[in-house]
Amino acid sequence: MADASTSAKGDLKLTNLTKSYGEFKAVDDLSLVIPEGSFFALLGPSGCGKTTTLRMIAGLEEPTSGKISIGATDITDKRPYQRPVNTVFQNYALFPHLTIFENIAFGLRRRGIKDVKEQVDKVLNLVELPHLADRKPTQLSGGQQQRIAVARAIVNRPALLLLDEPLGALDLKLRRQMQIELKWIQTEVGLTFVHVTHDQEEAMTMADTIAVMNEGRIEQMGSPAELYDNPKTAFVANFLGQSNLIEGSIVDSDGDYHVVDLHGQKAKVLKSRTHSKNNSVLYAIRPEKLRIDLDNQSRPGNRFTGGRIVDVSYIGVSTQYQVEMPWKQEIMVFEQNDDGVPPLDKGDEVTLSWEPSFSFALDGAQDATAGSEVNPEEE
Amino acid sequence: MKTLTRWFSRNLIRIYMVLGFTYLFIPVAYTFVFSFNDYIKSNLVWRGFTFNNWKNPCGVLDVCPALGNSMKIGLLATFIATILGTLIAFALGRYAFKGRAVTNTLIFLPMASPELVLGASLLTIFLNLGMNLGFWTIVIAHVMFCISFVVVTVKARIASLDPRLEQAAMDLYADERETFRRVTFPLVAPGIAGAALLAFSLSFDDFIITNFNSGTTITFPLYVYTHAERGLPAQANVIGSAMFFLALLIVVAGQIVGKKVKVGK
Amino acid sequence: MAAVVRTSGAATSELKKKSLVPYFLLAPGLIWLALFFVAPIITLVSTATKTPGVGIGEFVQTYRWANYLDAITGSAAQFSRSFLYATIATLLALAIAYPLAYGIAFKSGKYKNILLVLVVAPFFCSFILRTIAWKQILGQNGPLFRLLLDLHIVSDTTHLTASAPAVIIGLAYNFLPFMTLPLYGSLERIDPRVLEASGDLYANAFTTFRKVTVPLSMPGVVAGTLLTFIPATGDYVNAEILGNPSTKMIGNVINAQFLNTQDYPLAASLSFILMIIISVLVMIYIRKAGTEELV
Ligand SMILES: Nc1ncnc2c1ncn2[C@@H]1O[C@H](COP(=O)(O)OP(=O)(O)O)[C@@H](O)[C@H]1O
Ligand SMILES: [Mg+2]
């Protein structure tokens with residue numbers, strides 16, 4: 001079984017990868033490079049084509065067109081067992097008729113590896129479950145099954161480990177714990193991980209690089225900080241965290257900044273953070289970058305005046321405000337409760353201010369709500 | 001009173017189950033009880049308790065050879081039908097091919113034909129071909145009507161298999177053949193065992209089709225039928241009851257062993 | 001080999017096309033069915049239009065279609081009786097088997113498999129033996145009759161056996177496993193969470209049963225009723241052991257024609273008519289059941 005391709009190493013490269021089901025394109029002309037050794041997250045709402053992409057990389061689905069290669073080896077036409085790729089399935093897919101030991105040994109035995117016992121023990125220790133070797137999968141808890149599924153895959157030291165929402169079935173607390181553990185395992189074994197998730201927080205905490213996917217395409221790719229601070233589309237701005245997007249148009253230039261007219265009020269945005277083909281923009285500012293003050297106070301930076309608080313939610317560490325602007329749009333503000341000042345009240349007239357370099361501007365032709373109706377936590 | 005009605009409505013299904021099983025087992029119980037009857041000639045009236053019939057189950061002419069024939073035919077027919085049916089089930093469950101609808105119809109029709117028609121038509125062709133009726137014609141007939149039941153049972157099991165398990169095997173370097181050997185087959189095996197059990201019980205119990213194609217060969221149901229007129233010896237009850245308990249015992253033992261294997265190693 | 005193996009995988013989600021493998025898998029079984037099911041039925045059909053030849057027991061093909069007419073007019077009563085008994089027996093079996101299958105599927109926990117085996121186990125205590133047992137249980141010397149006599153429910157002159165109800169009870173009894181197993185099969189496949197969801201959405205137990213359980217178990221109901229109705233229609237053993245001359249079913253007629261009178265053309269045409277009527281009824285039934293399922 002161990003032909004040349006199973007030992008291929010290097011970056012994973014997808015070139016114009018497409019998968020159609022009849023007229024419908026589940027994955028649409030997708031191209032990307034995943035560097036060797038990285039922790040890569042494929043993030044997107046349910047149904048955007050993440051699983052399909054992963055299954056094509058694993059060889060479980062035939063691409064309609066396009067190419068998949070690892071390093072210099074083209075694996076597009078290879079059978080799943082001929083690829084140096086292993087998968088952690090969404091519901092683990094542990095073999096119910098085999099013990100945990102035999103589950104983990106499965107791949108080693110198929111490849112004719114000699115020191116099976118040694119390697120299985122080692123990986124069982126790595127996932128801290130050596131005492132479960134003789135059990136059957138049904139006798140394990142969800143979290144344990146999850147770790148065994150990871151162990152069964154990484155014991156083969158594949159060039160690429162694919163994880164399809166591996167934490168989706170776990171409760172929130174266990175999920176957070178497993179995120180840290182998976183990240184640790186990845187650093188420990190040094191393999192390339194491709195992690196699929198619809199949970200933006202999960203992607204942000206674990207991955208070196210995130211590709212945000214939407215309707216079969218990659219919207220934007222980059223480090224978590226890059227994506228959060230400088231999104232290039234409304235979808236990314238809304239899907240990763242929350243954003244206030246305000247329609248406006250560029251009216252002037254001021255050094256490194258564009259000056260934007262927003263319903264009669266002026267604000268600035270860095271040219272380097274403006275992603276619009278013309279003057280029509282969606283001016284964007286994250287809720288936690290906004291400061292909120294009663295009308296008579298003033299602070300440096302840009303500001304909106306004439307806001308009125310329509311809703312206050314106190315969440316302990318912070319307070320969330322909904323502020324209705326003169327142009328009837330509601331703007332969200334997160335204020336840290338670090339100054340001992342009691343929260344403002346509903347109905348208060350307020351001014352919002354911010355540091356202009358924190359804002360960004362997107363193409364005005366987009367739907368300002370794209371990506372925001374999906375609540376990843378609740379799916 | 002209120003608690004009583006509550007208990008009643010809560011256990012309604014269980015009560016119903018008990019009643020259903022009672023209905024199912026009344027004749028079996030009757031057969032069992034009368035296997036201890038100290039009968040003379042015909043086992044119709046209760047004459048007193050004895051172990052004699054159980055001590056000497058082959059004590060009447062023909063009954064044990066008939067049982068032997070039923071066993072041999074049952075095992076042979078089950079073996080052949082299980083293999084043929086399982087192959088068809090895999091074809092239907094795992095492949096897209098032309099002629100699927102025809103195959104499904106051909107599988108369904110024998111189940112949808114009265115046994116009488118199956119038996120009679122087989123008899124016509126055996127006579128036309130000039131075949132000697134007997135052991136082998138019975139086996140042929142039994143395989144024919146068991147295949148469909150095997151296909152249906154095994155196909156259901158294949159359909160309930162999570163395809164991701166086979167995909168996981170392939171992902172873990174097992175080629176198609178190894179995947180089948182290590183994952184697919186072991187997981188479908190209980191379904192095949194169930195199908196074999198069903199086939200054996202259908203064959204062992206068949207009367208109508210056998211009656212048409214048996215020639216001079218006597219199976220256990222044929223023995224019971226032909227002797228019913230003149231008075232059935234209690235040995236028939238002994239064998240009927242013994243087979244019933246044997247079947248239960250084998251299956252229960254199989255279950256326990258299966259559990260042991262699962263928990264142990 | 002590699003080429004064959006390659007197409008046989010379940011690796012991709014679509015079933016693989018354009019492979020010879022399925023035909024190799026199908027061939028042995030289908031050939032068996034062709035030789036010992038299809039060919040015999042064709043022979044049967046051709047026998048139906050034959051007429052007596054010169055020699056005794058010899059029949060020649062004269063395509064006498066009137067044989068069918070003779071057959072149906074001669075045995076109309078037995079035909080209708082067969083369908084009547086089979087229908088009642090099927091409904092009875094359904095009423096008994098449904099709660100049984102439901103209980104096994106949802107209420108029996110770790111005893112599920114044992115109970116399932118119990119359903120099939122009576123097969124091993126021969127069907128004929130059990131039918132004879134019914135005759136004796138219901139007979140005038142039997143325990144049930146004695147009990148009813150003591151309770152003054154029946155009198156000495158009543159007959160429980162040798163009657164239409166006895167035949168129907170026997171039919172319902174005989175095919176109970178064929179009803180129970182498919183019902184169990186479709187009930188067991190229902191995800192209990194679906195039933196919980198229904199409860200969660202304000203359906204009471206009965207509404208849940210009616211609106212969720214029953215529709216989802218329809219495939220089992222269809223399969224079970226067919227597997228009971230069809231053999232019950234063609235059965236003659238129950239009518240013979242538990243019935244009287246006025247409860248004879250079509251099976252008794254066909255059986256006698258084949259094995260005693262040896263009027264093969266008549267027996268064959270009766271068999272073929274029986275098959276056709278059953279097929280038509282089954283097709284109507286499946287179509288009806290199919291549309292109901294969609295509602
Ligand atoms: N076998 C299939 N046939 C038709 N459509 C499919 C099939 N598999 C997936 N799809 C569609 O492709 C899209 C992407 O699916 P998937 O990759 O599973 O999404 P994700 O994993 O991102 O939730 C979905 O809209 C889904 O309905
Ligand atoms: Mg998915």
# chains A, B, ... in the order shown; residues from 1 in each chain; ligands from 1
>>> residues_near_ligand(ligand="ligand 2", cutoff="12 Å", atoms="only C-alpha atoms and all ligand atoms", output="MDAnalysis selection string")
chainID A and resid 26 42:55 89:91 163:168 195:199 379
>>> residues_around(residues="Asn86 (chain A)", least_positions_apart="5", cutoff="10 Å", atoms="only C-alpha atoms", output="list in words")
Ile57, Ala58, Pro80, Tyr81, Gly107, Val150, Arg152, Ala153, Ile154, Val155, Asn156, Arg157, Pro158, Ala159, Leu160, Leu161, Leu162, Leu163 and Phe193 of chain A; Ala168, Met170, Asp171, Leu172 and Tyr173 of chain B
>>> select_by_dssp(residues="region 75-240 of chain A", states="strand (DSSP E or B)", output="PyMOL selection string")
chain A and resi 85-89+92+160-164+192-197+209-214+217-222
>>> write_last_selection(atoms="C-alpha atoms", output="mmCIF file, in the first residue's frame")
data_model
loop_
_atom_site.group_PDB
_atom_site.id
_atom_site.type_symbol
_atom_site.label_atom_id
_atom_site.label_comp_id
_atom_site.auth_asym_id
_atom_site.auth_seq_id
_atom_site.Cartn_x
_atom_site.Cartn_y
_atom_site.Cartn_z
ATOM 1 C CA VAL A 85 -4.294 12.183 4.388
ATOM 2 C CA ASN A 86 -6.361 11.140 7.394
ATOM 3 C CA THR A 87 -9.720 12.370 8.539
ATOM 4 C CA VAL A 88 -11.374 12.890 11.892
ATOM 5 C CA PHE A 89 -15.022 12.435 10.914
ATOM 6 C CA TYR A 92 -16.015 10.141 14.688
ATOM 7 C CA LEU A 160 -2.420 16.272 6.326
ATOM 8 C CA LEU A 161 -4.992 15.774 9.047
ATOM 9 C CA LEU A 162 -8.558 16.739 8.169
ATOM 10 C CA LEU A 163 -10.972 17.492 10.985
ATOM 11 C CA ASP A 164 -14.643 17.961 10.082
ATOM 12 C CA THR A 192 -0.696 20.042 9.077
ATOM 13 C CA PHE A 193 -4.232 20.301 10.469
ATOM 14 C CA VAL A 194 -7.157 21.396 8.329
ATOM 15 C CA HIS A 195 -9.953 22.118 10.722
ATOM 16 C CA VAL A 196 -13.486 22.691 9.485
ATOM 17 C CA THR A 197 -15.860 24.609 11.690
ATOM 18 C CA THR A 209 -4.675 30.804 9.203
ATOM 19 C CA ILE A 210 -8.405 31.006 8.574
ATOM 20 C CA ALA A 211 -10.176 30.802 5.252
ATOM 21 C CA VAL A 212 -13.705 32.153 5.452
ATOM 22 C CA MET A 213 -15.962 30.287 3.064
ATOM 23 C CA ASN A 214 -19.319 31.349 1.698
ATOM 24 C CA ARG A 217 -16.049 30.224 -2.448
ATOM 25 C CA ILE A 218 -13.327 31.615 -0.221
ATOM 26 C CA GLU A 219 -14.308 35.106 0.866
ATOM 27 C CA GLN A 220 -11.053 35.953 2.579
ATOM 28 C CA MET A 221 -8.027 34.224 3.999
ATOM 29 C CA GLY A 222 -5.549 35.338 6.632
#
>>> residues_around(residues="Phe127 (chain C)", least_positions_apart="6", cutoff="10 Å", atoms="only C-alpha atoms", output="tab-separated table (two decimals) with N, CA, C and O atoms, in the first residue's frame")
chain	number	residue	atom	x	y	z
B	27	PRO	N	-50.61	-22.43	21.78
B	27	PRO	CA	-50.50	-23.76	21.15
B	27	PRO	C	-49.16	-24.44	21.46
B	27	PRO	O	-49.10	-25.66	21.58
B	28	VAL	N	-48.11	-23.62	21.60
B	28	VAL	CA	-46.81	-24.20	21.94
B	28	VAL	C	-46.89	-24.82	23.33
B	28	VAL	O	-46.43	-25.95	23.56
B	204	PHE	N	-37.64	-25.20	7.85
B	204	PHE	CA	-37.96	-26.26	8.81
B	204	PHE	C	-39.46	-26.41	8.98
B	204	PHE	O	-39.98	-27.50	9.19
B	205	ASP	N	-40.16	-25.30	8.88
B	205	ASP	CA	-41.59	-25.31	9.18
B	205	ASP	C	-42.45	-25.45	7.93
B	205	ASP	O	-43.66	-25.52	8.02
B	206	ASP	N	-41.84	-25.46	6.75
B	206	ASP	CA	-42.67	-25.42	5.56
B	206	ASP	C	-43.45	-26.72	5.34
B	206	ASP	O	-42.90	-27.82	5.43
B	207	PHE	N	-44.70	-26.55	5.03
B	207	PHE	CA	-45.51	-27.73	4.74
B	207	PHE	C	-46.03	-27.73	3.31
B	207	PHE	O	-45.84	-28.68	2.56
B	221	PRO	N	-42.90	-31.70	9.34
B	221	PRO	CA	-44.28	-31.22	9.14
B	221	PRO	C	-45.14	-32.21	8.35
B	221	PRO	O	-46.32	-32.39	8.65
B	224	VAL	N	-46.25	-34.96	10.71
B	224	VAL	CA	-47.32	-34.52	11.60
B	224	VAL	C	-48.65	-34.49	10.85
B	224	VAL	O	-49.68	-34.98	11.32
B	225	TYR	N	-48.60	-33.94	9.62
B	225	TYR	CA	-49.82	-33.79	8.86
B	225	TYR	C	-50.44	-35.15	8.53
B	225	TYR	O	-51.63	-35.37	8.73
B	240	GLY	N	-41.46	-31.40	18.61
B	240	GLY	CA	-41.86	-30.00	18.42
B	240	GLY	C	-41.39	-29.12	19.56
B	240	GLY	O	-40.76	-28.08	19.35
C	133	ALA	N	-52.90	-28.20	17.62
C	133	ALA	CA	-53.08	-27.81	19.02
C	133	ALA	C	-54.27	-26.87	19.17
C	133	ALA	O	-55.10	-27.05	20.06
C	173	TYR	N	-53.26	-16.40	13.52
C	173	TYR	CA	-52.21	-16.91	14.37
C	173	TYR	C	-50.98	-17.32	13.56
C	173	TYR	O	-49.85	-16.95	13.88
C	174	ASN	N	-51.23	-18.09	12.51
C	174	ASN	CA	-50.13	-18.64	11.72
C	174	ASN	C	-49.19	-17.60	11.15
C	174	ASN	O	-47.99	-17.81	11.08
C	175	PHE	N	-49.78	-16.47	10.73
C	175	PHE	CA	-48.94	-15.51	10.02
C	175	PHE	C	-48.54	-14.33	10.89
C	175	PHE	O	-47.99	-13.35	10.39
C	237	VAL	N	-54.46	-25.30	4.91
C	237	VAL	CA	-54.26	-26.16	6.08
C	237	VAL	C	-55.20	-25.76	7.22
C	237	VAL	O	-55.82	-26.61	7.85
C	238	ASN	N	-55.34	-24.46	7.46
C	238	ASN	CA	-56.22	-24.01	8.54
C	238	ASN	C	-57.66	-24.41	8.27
C	238	ASN	O	-58.37	-24.88	9.16
>>> interface_residues(of="chain A", to="chain C", cutoff="9 Å", atoms="only C-alpha atoms", output="JSON, numbers by chain")
{"A": [55, 59, 60, 61, 62, 79, 80]}
>>> write_last_selection(atoms="N, CA and C atoms", output="PDB file, in the first residue's frame")
ATOM      1  N   ARG A  55     -13.897  16.439   1.916  1.00  0.00           N
ATOM      2  CA  ARG A  55     -14.063  15.084   1.375  1.00  0.00           C
ATOM      3  C   ARG A  55     -13.337  14.925   0.033  1.00  0.00           C
ATOM      4  N   GLY A  59     -10.380  12.278  -0.713  1.00  0.00           N
ATOM      5  CA  GLY A  59     -10.601  11.301  -1.781  1.00  0.00           C
ATOM      6  C   GLY A  59     -11.940  10.605  -1.653  1.00  0.00           C
ATOM      7  N   LEU A  60     -12.807  11.117  -0.797  1.00  0.00           N
ATOM      8  CA  LEU A  60     -14.108  10.489  -0.586  1.00  0.00           C
ATOM      9  C   LEU A  60     -15.161  11.057  -1.525  1.00  0.00           C
ATOM     10  N   GLU A  61     -14.803  12.092  -2.238  1.00  0.00           N
ATOM     11  CA  GLU A  61     -15.719  12.711  -3.197  1.00  0.00           C
ATOM     12  C   GLU A  61     -14.873  13.086  -4.407  1.00  0.00           C
ATOM     13  N   GLU A  62     -15.416  12.815  -5.612  1.00  0.00           N
ATOM     14  CA  GLU A  62     -14.641  13.143  -6.805  1.00  0.00           C
ATOM     15  C   GLU A  62     -14.905  14.578  -7.210  1.00  0.00           C
ATOM     16  N   ARG A  79      -6.956   7.018  -4.923  1.00  0.00           N
ATOM     17  CA  ARG A  79      -7.985   6.493  -4.034  1.00  0.00           C
ATOM     18  C   ARG A  79      -7.707   6.989  -2.613  1.00  0.00           C
ATOM     19  N   PRO A  80      -8.733   6.992  -1.759  1.00  0.00           N
ATOM     20  CA  PRO A  80      -8.531   7.518  -0.404  1.00  0.00           C
ATOM     21  C   PRO A  80      -7.354   6.861   0.321  1.00  0.00           C
TER      22      PRO A  80
END
>>> atom_distance(atom1="CA of Phe239 (chain A)", atom2="CA of Asn279 (chain A)")
24.3 Å
>>> select_by_dssp(residues="region 72-221 of chain B", states="helix (DSSP H, G or I)", output="PyMOL selection string")
chain B and resi 72-94+100-112+115-128+135-159+163-171+176-205+208-213+220-221
>>> residues_around(residues="region 174-180 of chain A", least_positions_apart="4", cutoff="10 Å", atoms="only C-alpha atoms", output="list of chain:residue names")
A:Gly142, A:Gly143, A:Gln146, A:Arg147, A:Pro166, A:Leu167, A:Gly168, A:Ala169, A:Leu170, A:Trp184, A:Ile185, A:Gln186, A:Glu201, A:Glu202, A:Ala203, A:Thr205, A:Met206
>>> write_last_selection(atoms="N, CA and C atoms", output="compact mmCIF listing (two decimals), in the first residue's frame")
# COMPACT_ATOMS: atom_id res chain seq x y z
N GLY A 142 -18.60 10.99 24.80
CA GLY A 142 -18.40 11.75 23.57
C GLY A 142 -16.98 12.32 23.47
N GLY A 143 -16.52 12.91 24.55
CA GLY A 143 -15.20 13.52 24.55
C GLY A 143 -14.09 12.49 24.34
N GLN A 146 -14.02 11.35 20.81
CA GLN A 146 -13.42 12.39 19.99
C GLN A 146 -11.90 12.26 20.01
N ARG A 147 -11.35 12.06 21.19
CA ARG A 147 -9.89 11.94 21.29
C ARG A 147 -9.38 10.68 20.60
N PRO A 166 -14.91 18.56 14.41
CA PRO A 166 -14.65 17.45 15.32
C PRO A 166 -15.22 17.72 16.71
N LEU A 167 -15.54 18.97 17.01
CA LEU A 167 -16.00 19.28 18.35
C LEU A 167 -17.48 19.62 18.38
N GLY A 168 -18.11 19.49 17.22
CA GLY A 168 -19.51 19.93 17.10
C GLY A 168 -20.46 19.21 18.03
N ALA A 169 -20.15 17.93 18.36
CA ALA A 169 -21.09 17.15 19.16
C ALA A 169 -20.83 17.30 20.66
N LEU A 170 -19.83 18.09 21.02
CA LEU A 170 -19.50 18.19 22.45
C LEU A 170 -20.16 19.41 23.09
N TRP A 184 -2.67 21.85 21.20
CA TRP A 184 -1.46 21.33 21.82
C TRP A 184 -0.93 20.09 21.08
N ILE A 185 -1.87 19.21 20.74
CA ILE A 185 -1.47 18.00 20.01
C ILE A 185 -0.84 18.39 18.68
N GLN A 186 -1.42 19.37 18.03
CA GLN A 186 -0.89 19.78 16.73
C GLN A 186 0.54 20.29 16.86
N GLU A 201 -15.40 31.52 16.89
CA GLU A 201 -14.55 31.63 18.07
C GLU A 201 -13.55 30.48 18.08
N GLU A 202 -14.05 29.27 17.71
CA GLU A 202 -13.19 28.10 17.65
C GLU A 202 -12.07 28.31 16.63
N ALA A 203 -12.44 28.81 15.47
CA ALA A 203 -11.44 29.04 14.43
C ALA A 203 -10.40 30.06 14.90
N THR A 205 -9.47 30.87 17.98
CA THR A 205 -8.56 30.45 19.05
C THR A 205 -7.55 29.41 18.59
N MET A 206 -7.91 28.60 17.58
CA MET A 206 -7.04 27.49 17.24
C MET A 206 -6.12 27.74 16.06
>>> residues_around(residues="region 231-233 of chain B", least_positions_apart="2", cutoff="9 Å", atoms="only C-alpha atoms", output="PyMOL selection string")
chain B and resi 35+39-44+53+60+224-229+235-237
>>> write_last_selection(atoms="N, CA and C atoms", output="compact mmCIF listing (two decimals), in the first residue's frame")
# COMPACT_ATOMS: atom_id res chain seq x y z
N SER B 35 -46.90 -33.30 25.52
CA SER B 35 -45.76 -34.17 25.27
C SER B 35 -45.52 -35.07 26.48
N TYR B 39 -50.31 -41.28 26.67
CA TYR B 39 -51.37 -41.52 25.69
C TYR B 39 -51.39 -42.98 25.24
N ILE B 40 -52.53 -43.38 24.72
CA ILE B 40 -52.61 -44.65 24.00
C ILE B 40 -53.12 -44.35 22.60
N LYS B 41 -52.35 -44.71 21.61
CA LYS B 41 -52.72 -44.52 20.20
C LYS B 41 -52.84 -43.06 19.78
N SER B 42 -53.77 -42.34 20.36
CA SER B 42 -53.91 -40.97 19.90
C SER B 42 -53.85 -40.00 21.08
N ASN B 43 -53.12 -38.93 20.88
CA ASN B 43 -52.78 -38.00 21.94
C ASN B 43 -53.82 -36.88 22.05
N LEU B 44 -55.09 -37.27 22.26
CA LEU B 44 -56.14 -36.27 22.25
C LEU B 44 -56.64 -35.92 23.64
N ASN B 53 -42.34 -40.42 26.96
CA ASN B 53 -42.21 -39.89 25.60
C ASN B 53 -40.90 -39.15 25.41
N VAL B 60 -41.56 -44.02 18.13
CA VAL B 60 -42.54 -44.39 17.11
C VAL B 60 -41.90 -44.36 15.74
N VAL B 224 -46.25 -34.96 10.71
CA VAL B 224 -47.32 -34.52 11.60
C VAL B 224 -48.65 -34.49 10.85
N TYR B 225 -48.60 -33.94 9.62
CA TYR B 225 -49.82 -33.79 8.86
C TYR B 225 -50.44 -35.15 8.53
N THR B 226 -49.61 -36.06 8.04
CA THR B 226 -50.17 -37.35 7.62
C THR B 226 -50.65 -38.18 8.80
N HIS B 227 -50.05 -37.97 9.97
CA HIS B 227 -50.47 -38.76 11.12
C HIS B 227 -51.58 -38.11 11.93
N ALA B 228 -51.89 -36.87 11.59
CA ALA B 228 -52.89 -36.16 12.39
C ALA B 228 -54.24 -36.86 12.34
N GLU B 229 -54.57 -37.40 11.18
CA GLU B 229 -55.85 -38.08 11.01
C GLU B 229 -55.98 -39.27 11.93
N GLN B 235 -44.77 -38.33 20.79
CA GLN B 235 -43.37 -38.10 20.40
C GLN B 235 -43.26 -36.89 19.46
N ALA B 236 -44.30 -36.69 18.64
CA ALA B 236 -44.30 -35.51 17.78
C ALA B 236 -44.29 -34.24 18.63
N ASN B 237 -45.07 -34.26 19.71
CA ASN B 237 -45.07 -33.12 20.63
C ASN B 237 -43.70 -32.93 21.27
>>> closest_atom_pairs(of="chain C", to="chain B", cutoff="6 Å", atoms="only C-alpha atoms", output="CSV")
residue,atom,partner,partner_atom,distance
C:Gly9,CA,B:Glu176,CA,5.5
C:Ala11,CA,B:Gln167,CA,5.3
C:Leu15,CA,B:Tyr95,CA,5.2
C:Lys16,CA,B:Tyr95,CA,5.5
C:Lys17,CA,B:Ala96,CA,5.2
C:Pro22,CA,B:Ala91,CA,4.7
C:Leu25,CA,B:Leu87,CA,5.0
C:Leu26,CA,B:Ile88,CA,4.8
C:Gly29,CA,B:Leu84,CA,4.8
C:Pro40,CA,B:Ser121,CA,4.8
C:Ile41,CA,B:Ser121,CA,5.6
C:Leu44,CA,B:Ser121,CA,5.3
C:Leu100,CA,B:Met17,CA,5.0
C:Gly103,CA,B:Ile13,CA,5.9
C:Phe123,CA,B:Asp205,CA,5.8
C:Phe124,CA,B:Phe244,CA,5.0
C:Cys125,CA,B:Gly240,CA,4.3
C:Ser126,CA,B:Asp205,CA,5.3
C:Arg130,CA,B:Pro27,CA,5.2
C:Ala133,CA,B:Pro27,CA,5.2
C:Trp134,CA,B:Pro27,CA,5.9
C:Ile230,CA,B:Pro114,CA,5.8
C:Pro231,CA,B:Pro114,CA,4.8
C:Gly234,CA,B:Pro114,CA,5.0
C:Ser271,CA,B:Val117,CA,5.7
>>> residues_around(residues="region 62-78 of chain C", least_positions_apart="5", cutoff="10 Å", atoms="only C-alpha atoms", output="list in words")
Ser46, Thr47, Ala48, Thr49, Lys50, Thr51, Pro52, Gly53, Phe83, Leu84, Ser246, Thr247, Lys248, Met249, Ile250, Gly251, Asn252, Val253, Ile254, Pro265, Leu266, Ala267, Ala268, Ser269, Leu270, Ser271, Phe272, Ile273 and Leu274 of chain C
>>> closest_residue(among="A:Gly306, A:Gly216, A:Pro84, A:Gly340", to="ligand 1", atoms="only C-alpha atoms and all ligand atoms")
A:Gly216
>>> closest_residue(among="A:Ile331, A:Ala149, A:Val116, A:Leu129", to="chain B", atoms="only C-alpha atoms")
A:Ala149
>>> residues_around(residues="Arg146 (chain C)", least_positions_apart="4", cutoff="12 Å", atoms="only C-alpha atoms", output="number ranges by chain")
C: 136-142, 150-156, 158-160
>>> atom_distance(atom1="CA of Ser163 (chain C)", atom2="CA of Thr261 (chain C)")
25.5 Å
>>> closest_residue(among="B:Gly134, B:Met71, B:Trp54, B:Ile256", to="Asn113 (chain C)", atoms="only C-alpha atoms")
B:Ile256
>>> atom_distance(atom1="CA of Lys117 (chain A)", atom2="CA of Ala189 (chain B)")
27.7 Å
>>> closest_residue(among="A:Asp115, A:Asp134, A:Asp252, A:Glu215", to="ligand 1", atoms="only C-alpha atoms and all ligand atoms")
A:Glu215
>>> decode(residues="region 21-39 of chain B", atoms="C-alpha atoms", output="tab-separated table (two decimals), in the first residue's frame")
chain	number	residue	atom	x	y	z
B	21	PHE	CA	-47.13	-13.41	23.46
B	22	THR	CA	-49.71	-15.50	25.28
B	23	TYR	CA	-51.67	-15.87	22.06
B	24	LEU	CA	-48.46	-16.78	20.27
B	25	PHE	CA	-47.50	-19.38	22.84
B	26	ILE	CA	-50.83	-21.01	23.78
B	27	PRO	CA	-50.50	-23.76	21.15
B	28	VAL	CA	-46.81	-24.20	21.94
B	29	ALA	CA	-47.65	-24.59	25.60
B	30	TYR	CA	-50.39	-27.02	24.75
B	31	THR	CA	-48.03	-29.03	22.60
B	32	PHE	CA	-45.48	-29.04	25.40
B	33	VAL	CA	-47.95	-30.13	28.06
B	34	PHE	CA	-49.29	-32.95	25.90
B	35	SER	CA	-45.76	-34.17	25.27
B	36	PHE	CA	-46.00	-35.55	28.83
B	37	ASN	CA	-49.32	-37.27	28.18
B	38	ASP	CA	-49.41	-40.98	28.91
B	39	TYR	CA	-51.37	-41.52	25.69
